[in-house]
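Reproduced below: upload31.pdb, with PDB, C-alpha atoms.
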MODEL        1
ATOM      1  CA  MET Q   1      12.749  23.473  -8.591
ATOM      2  CA  ILE Q   2      12.077  19.746  -8.481
ATOM      3  CA  GLY Q   3      11.214  18.347  -5.050
ATOM      4  CA  ARG Q   4      12.626  15.195  -3.496
ATOM      5  CA  PHE Q   5       9.338  13.322  -3.984
ATOM      6  CA  GLU Q   6       9.202  14.206  -7.693
ATOM      7  CA  GLU Q   7      12.853  13.226  -8.100
ATOM      8  CA  LEU Q   8      12.210   9.902  -6.365
ATOM      9  CA  LEU Q   9       9.195   9.230  -8.616
ATOM     10  CA  HIS Q  10      11.242   9.995 -11.723
ATOM     11  CA  GLU Q  11      13.973   7.562 -10.629
ATOM     12  CA  LEU Q  12      11.397   4.945  -9.605
ATOM     13  CA  GLY Q  13       9.717   5.327 -12.981
ATOM     14  CA  SER Q  14      13.015   4.463 -14.654
ATOM     15  CA  ILE Q  15      13.201   1.240 -12.647
ATOM     16  CA  PHE Q  16       9.568   0.291 -13.357
ATOM     17  CA  HIS Q  17       9.695   1.546 -16.970
ATOM     18  CA  LEU Q  18       6.792   3.889 -16.260
ATOM     19  CA  GLN Q  19       6.359   7.622 -16.385
ATOM     20  CA  LEU Q  20       5.396   8.586 -12.826
ATOM     21  CA  HIS Q  21       4.274  12.024 -11.747
ATOM     22  CA  ILE Q  22       2.429  13.790  -8.955
ATOM     23  CA  ASP Q  23      -1.277  14.358  -9.597
ATOM     24  CA  ARG Q  24      -3.438  17.295  -8.508
ATOM     25  CA  GLU Q  25      -3.950  15.615  -5.116
ATOM     26  CA  HIS Q  26      -0.134  15.647  -4.626
ATOM     27  CA  ALA Q  27      -0.008  11.861  -4.862
ATOM     28  CA  CYS Q  28       1.065   9.279  -7.415
ATOM     29  CA  SER Q  29      -1.292   6.400  -8.178
ATOM     30  CA  ILE Q  30      -0.088   3.299  -9.998
ATOM     31  CA  GLN Q  31      -2.628   0.832 -11.372
ATOM     32  CA  VAL Q  32      -0.960  -2.517 -10.688
ATOM     33  CA  HIS Q  33      -3.851  -4.507 -12.173
ATOM     34  CA  PRO Q  34      -7.611  -3.894 -12.514
ATOM     35  CA  HIS Q  35      -8.278  -4.619  -8.839
ATOM     36  CA  LEU Q  36      -5.241  -2.999  -7.206
ATOM     37  CA  ILE Q  37      -4.061   0.596  -7.223
ATOM     38  CA  LEU Q  38      -0.972   1.619  -5.300
ATOM     39  CA  GLN Q  39      -0.825   5.184  -4.024
ATOM     40  CA  LEU Q  40       2.311   7.076  -2.959
ATOM     41  CA  GLN Q  41       1.945  10.369  -1.109
ATOM     42  CA  LEU Q  42       3.904  12.579   1.235
ATOM     43  CA  ASP Q  43       2.484  13.429   4.631
ATOM     44  CA  THR Q  44       1.725  17.041   5.513
ATOM     45  CA  SER Q  45       5.203  17.544   6.994
ATOM     46  CA  GLN Q  46       6.711  16.488   3.619
ATOM     47  CA  GLU Q  47       9.106  14.242   5.583
ATOM     48  CA  ASN Q  48       7.405  10.841   5.277
ATOM     49  CA  LEU Q  49       6.185   8.845   2.310
ATOM     50  CA  TRP Q  50       2.923   6.943   2.701
ATOM     51  CA  ILE Q  51       2.274   3.856   0.615
ATOM     52  CA  PHE Q  52      -1.387   2.868   0.423
ATOM     53  CA  ALA Q  53      -3.642   0.352  -1.326
ATOM     54  CA  GLU Q  54      -7.231  -0.734  -0.936
ATOM     55  CA  ILE Q  55      -7.233  -4.529  -0.778
ATOM     56  CA  ALA Q  56     -10.838  -5.681  -1.086
ATOM     57  CA  GLU Q  57     -14.408  -4.891  -0.216
ATOM     58  CA  THR Q  58     -15.521  -6.677   2.926
ATOM     59  CA  PRO Q  59     -19.249  -7.451   2.932
ATOM     60  CA  PRO Q  60     -21.116  -7.026   6.220
ATOM     61  CA  GLY Q  61     -21.409 -10.090   8.419
ATOM     62  CA  LYS Q  62     -19.313 -12.847   9.899
ATOM     63  CA  PHE Q  63     -16.933 -12.941   6.914
ATOM     64  CA  ARG Q  64     -15.993  -9.291   7.486
ATOM     65  CA  GLU Q  65     -15.517  -9.955  11.197
ATOM     66  CA  ASN Q  66     -13.175 -12.833  10.397
ATOM     67  CA  ILE Q  67     -11.218 -10.758   7.885
ATOM     68  CA  LEU Q  68     -10.755  -7.943  10.395
ATOM     69  CA  LYS Q  69      -9.726 -10.358  13.163
ATOM     70  CA  GLU Q  70      -7.117 -11.896  10.870
ATOM     71  CA  ALA Q  71      -5.906  -8.452   9.784
ATOM     72  CA  LEU Q  72      -5.452  -7.453  13.429
ATOM     73  CA  LYS Q  73      -3.442 -10.636  14.020
ATOM     74  CA  ALA Q  74      -1.282  -9.779  11.005
ATOM     75  CA  ASN Q  75      -0.748  -6.259  12.371
ATOM     76  CA  ALA Q  76       0.648  -7.793  15.557
ATOM     77  CA  LEU Q  77       3.354  -9.757  13.735
ATOM     78  CA  PRO Q  78       6.921  -8.597  14.421
ATOM     79  CA  ASP Q  79       8.576  -5.978  12.225
ATOM     80  CA  PRO Q  80       9.613  -5.498   9.551
ATOM     81  CA  MET Q  81       6.094  -5.454   8.139
ATOM     82  CA  PRO Q  82       5.578  -4.440   4.507
ATOM     83  CA  GLY Q  83       2.183  -3.022   5.434
ATOM     84  CA  ILE Q  84      -0.320  -2.430   8.186
ATOM     85  CA  PHE Q  85      -4.009  -3.157   7.726
ATOM     86  CA  GLY Q  86      -6.838  -0.763   8.330
ATOM     87  CA  TYR Q  87     -10.536  -0.650   7.584
ATOM     88  CA  ILE Q  88     -12.240   2.098   5.596
ATOM     89  CA  LEU Q  89     -15.766   2.333   6.969
ATOM     90  CA  ALA Q  90     -17.087   4.601   4.192
ATOM     91  CA  THR Q  91     -16.294   2.010   1.501
ATOM     92  CA  ASN Q  92     -16.299  -1.208   3.581
ATOM     93  CA  ARG Q  93     -12.803  -1.993   2.349
ATOM     94  CA  LEU Q  94      -9.723  -3.526   3.888
ATOM     95  CA  ALA Q  95      -6.728  -1.296   3.202
ATOM     96  CA  GLN Q  96      -2.991  -1.626   3.622
ATOM     97  CA  PHE Q  97      -0.552   1.180   4.321
ATOM     98  CA  GLN Q  98       2.955   1.916   5.526
ATOM     99  CA  LYS Q  99       5.036   5.019   6.191
ATOM    100  CA  TYR Q 100       8.740   5.581   5.524
ATOM    101  CA  PRO Q 101      10.959   8.597   6.221
ATOM    102  CA  LEU Q 102      11.623  10.218   2.855
ATOM    103  CA  HIS Q 103      15.278  10.897   3.657
ATOM    104  CA  ILE Q 104      16.141   7.156   3.845
ATOM    105  CA  LEU Q 105      14.604   6.300   0.481
ATOM    106  CA  THR Q 106      16.331   5.785  -2.812
ATOM    107  CA  ALA Q 107      14.502   4.624  -5.912
ATOM    108  CA  GLU Q 108      16.102   1.183  -5.617
ATOM    109  CA  ARG Q 109      15.139   0.834  -1.959
ATOM    110  CA  LEU Q 110      11.612   2.094  -2.634
ATOM    111  CA  SER Q 111      11.176  -0.394  -5.490
ATOM    112  CA  GLN Q 112      12.056  -3.227  -3.090
ATOM    113  CA  ILE Q 113       9.671  -1.847  -0.458
ATOM    114  CA  ILE Q 114       6.900  -1.574  -3.040
ATOM    115  CA  GLY Q 115       7.589  -5.137  -4.201
ATOM    116  CA  ALA Q 116       7.135  -6.524  -0.689
ATOM    117  CA  PHE Q 117       4.116  -4.280  -0.088
ATOM    118  CA  LEU Q 118       2.409  -5.429  -3.292
ATOM    119  CA  GLU Q 119       3.193  -9.069  -2.615
ATOM    120  CA  MET Q 120       1.429  -8.803   0.741
ATOM    121  CA  ALA Q 121      -1.513  -6.893  -0.762
ATOM    122  CA  GLU Q 122      -1.995  -9.373  -3.583
ATOM    123  CA  VAL Q 123      -1.855 -12.418  -1.306
ATOM    124  CA  TRP Q 124      -4.525 -10.921   0.949
ATOM    125  CA  GLN Q 125      -6.619  -9.762  -1.979
ATOM    126  CA  LYS Q 126      -6.557 -13.214  -3.568
ATOM    127  CA  ALA Q 127      -7.482 -14.861  -0.268
ATOM    128  CA  ILE Q 128     -10.465 -12.575   0.317
ATOM    129  CA  MET Q 129     -11.670 -12.835  -3.285
ATOM    130  CA  THR Q 130     -11.641 -16.633  -2.983
ATOM    131  CA  GLY Q 131     -13.659 -16.638   0.249
ATOM    132  CA  GLN Q 132     -10.845 -16.954   2.788
ATOM    133  CA  SER Q 133     -10.576 -14.468   5.653
ATOM    134  CA  ALA Q 134      -6.766 -14.449   5.385
ATOM    135  CA  PRO Q 135      -3.981 -16.060   3.381
ATOM    136  CA  ILE Q 136      -3.171 -19.593   4.470
ATOM    137  CA  GLU Q 137       0.451 -18.643   5.155
ATOM    138  CA  MET Q 138       1.247 -15.302   6.749
TER
ENDMDL
END
Would you mind writing the file out in structure tokens?
Amino acid sequence: MIGRFEELLHELGSIFHLQLHIDREHACSIQVHPHLILQLQLDTSQENLWIFAEIAETPPGKFRENILKEALKANALPDPMPGIFGYILATNRLAQFQKYPLHILTAERLSQIIGAFLEMAEVWQKAIMTGQSAPIEM
């Protein structure tokens, strides 16, 4: 029997013209470009879909401090927010994530959510890779 997550990935794949499937970690990773991978995964309750991406490595020092300060400011912006920022200590990377109840998602709605999520991720990634601690416009 096909699960709701698998069904949603199949429908989303039709929209994106990709063949999407669940991997052995029970997630679906999509390589957007060489420096950005989007991950979709259900939580342990199987009721919520997590969207996740690592944005950029943040080298130790003042630049990292500034990036994290700006990310915290962005997290405080009013909803709806395409993503929330977090820091992965083990890899020194800024990450972005968001959670949605699976029951409200259709492939069309998820494609729009992913579009906004990726737009935010790419703007932040570009800013950090060009030496800015945050995008000029947030």
Output check: residues returned by the PyMOL selection byres ((chain Q and resi 92-109) around 6), as a PDB file with C-alpha atoms, in the coordinates of the input:
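Below you can see out02.pdb, which holds the result:
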ATOM      1  CA  LEU Q   8      12.210   9.902  -6.365  1.00  0.00           C
ATOM      2  CA  GLU Q  11      13.973   7.562 -10.629  1.00  0.00           C
ATOM      3  CA  LEU Q  12      11.397   4.945  -9.605  1.00  0.00           C
ATOM      4  CA  GLU Q  47       9.106  14.242   5.583  1.00  0.00           C
ATOM      5  CA  ASN Q  48       7.405  10.841   5.277  1.00  0.00           C
ATOM      6  CA  LEU Q  49       6.185   8.845   2.310  1.00  0.00           C
ATOM      7  CA  TRP Q  50       2.923   6.943   2.701  1.00  0.00           C
ATOM      8  CA  ILE Q  51       2.274   3.856   0.615  1.00  0.00           C
ATOM      9  CA  PHE Q  52      -1.387   2.868   0.423  1.00  0.00           C
ATOM     10  CA  ALA Q  53      -3.642   0.352  -1.326  1.00  0.00           C
ATOM     11  CA  GLU Q  54      -7.231  -0.734  -0.936  1.00  0.00           C
ATOM     12  CA  ILE Q  55      -7.233  -4.529  -0.778  1.00  0.00           C
ATOM     13  CA  ALA Q  56     -10.838  -5.681  -1.086  1.00  0.00           C
ATOM     14  CA  GLU Q  57     -14.408  -4.891  -0.216  1.00  0.00           C
ATOM     15  CA  THR Q  58     -15.521  -6.677   2.926  1.00  0.00           C
ATOM     16  CA  GLY Q  83       2.183  -3.022   5.434  1.00  0.00           C
ATOM     17  CA  ILE Q  84      -0.320  -2.430   8.186  1.00  0.00           C
ATOM     18  CA  PHE Q  85      -4.009  -3.157   7.726  1.00  0.00           C
ATOM     19  CA  GLY Q  86      -6.838  -0.763   8.330  1.00  0.00           C
ATOM     20  CA  TYR Q  87     -10.536  -0.650   7.584  1.00  0.00           C
ATOM     21  CA  ILE Q  88     -12.240   2.098   5.596  1.00  0.00           C
ATOM     22  CA  LEU Q  89     -15.766   2.333   6.969  1.00  0.00           C
ATOM     23  CA  ALA Q  90     -17.087   4.601   4.192  1.00  0.00           C
ATOM     24  CA  THR Q  91     -16.294   2.010   1.501  1.00  0.00           C
ATOM     25  CA  LEU Q 110      11.612   2.094  -2.634  1.00  0.00           C
ATOM     26  CA  SER Q 111      11.176  -0.394  -5.490  1.00  0.00           C
ATOM     27  CA  GLN Q 112      12.056  -3.227  -3.090  1.00  0.00           C
TER      28      GLN Q 112
END
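Pairwise distance (atom CA of Q:Pro78, atom CA of Q:Glu119) equals 17.4 Å.
Between atom CA of Q:Gly115 and atom CA of Q:Pro59 there is a distance of 27.9 Å.
The gap separating atom CA of Q:Ile30 from atom CA of Q:Gly3 is 19.5 Å, in Å to one decimal.
Close contacts of Q:Pro135, defined as residues with an atom at most 9 Å away when counting only C-alpha atoms, with chain neighbours fewer than 6 positions off set aside, comprise Q:Val123, Q:Trp124, Q:Gln125, Q:Lys126, Q:Ala127, Q:Ile128.
Taking only C-alpha atoms into account, Q:Leu18 lies nearest to Q:Val32 out of the set Q:Ala116, Q:Leu77, Q:Val32, Q:Ala71.
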For Q:Ser29, please output as a count of residues only all residues within 10 Å (counting all atoms listed in the file; exclusion window: fewer than 6 positions along the same chain). 12
Given all atoms listed in the file as the basis, pick out the residue of Q:Ile15, Q:Met81, Q:Ala74, Q:Leu36 nearest to Q:Ile136. Q:Ala74
Select, from Q:Phe63, Q:Glu7, Q:Ala121, Q:Pro82, the residue with the minimum atom-to-atom distance to Q:Ser133, counting all atoms listed in the file. Q:Phe63
Of the listed residues Q:Asp43, Q:Glu137, Q:Glu70, Q:Glu6, that which approaches Q:Cys28 most closely, counting only C-alpha atoms: Q:Glu6
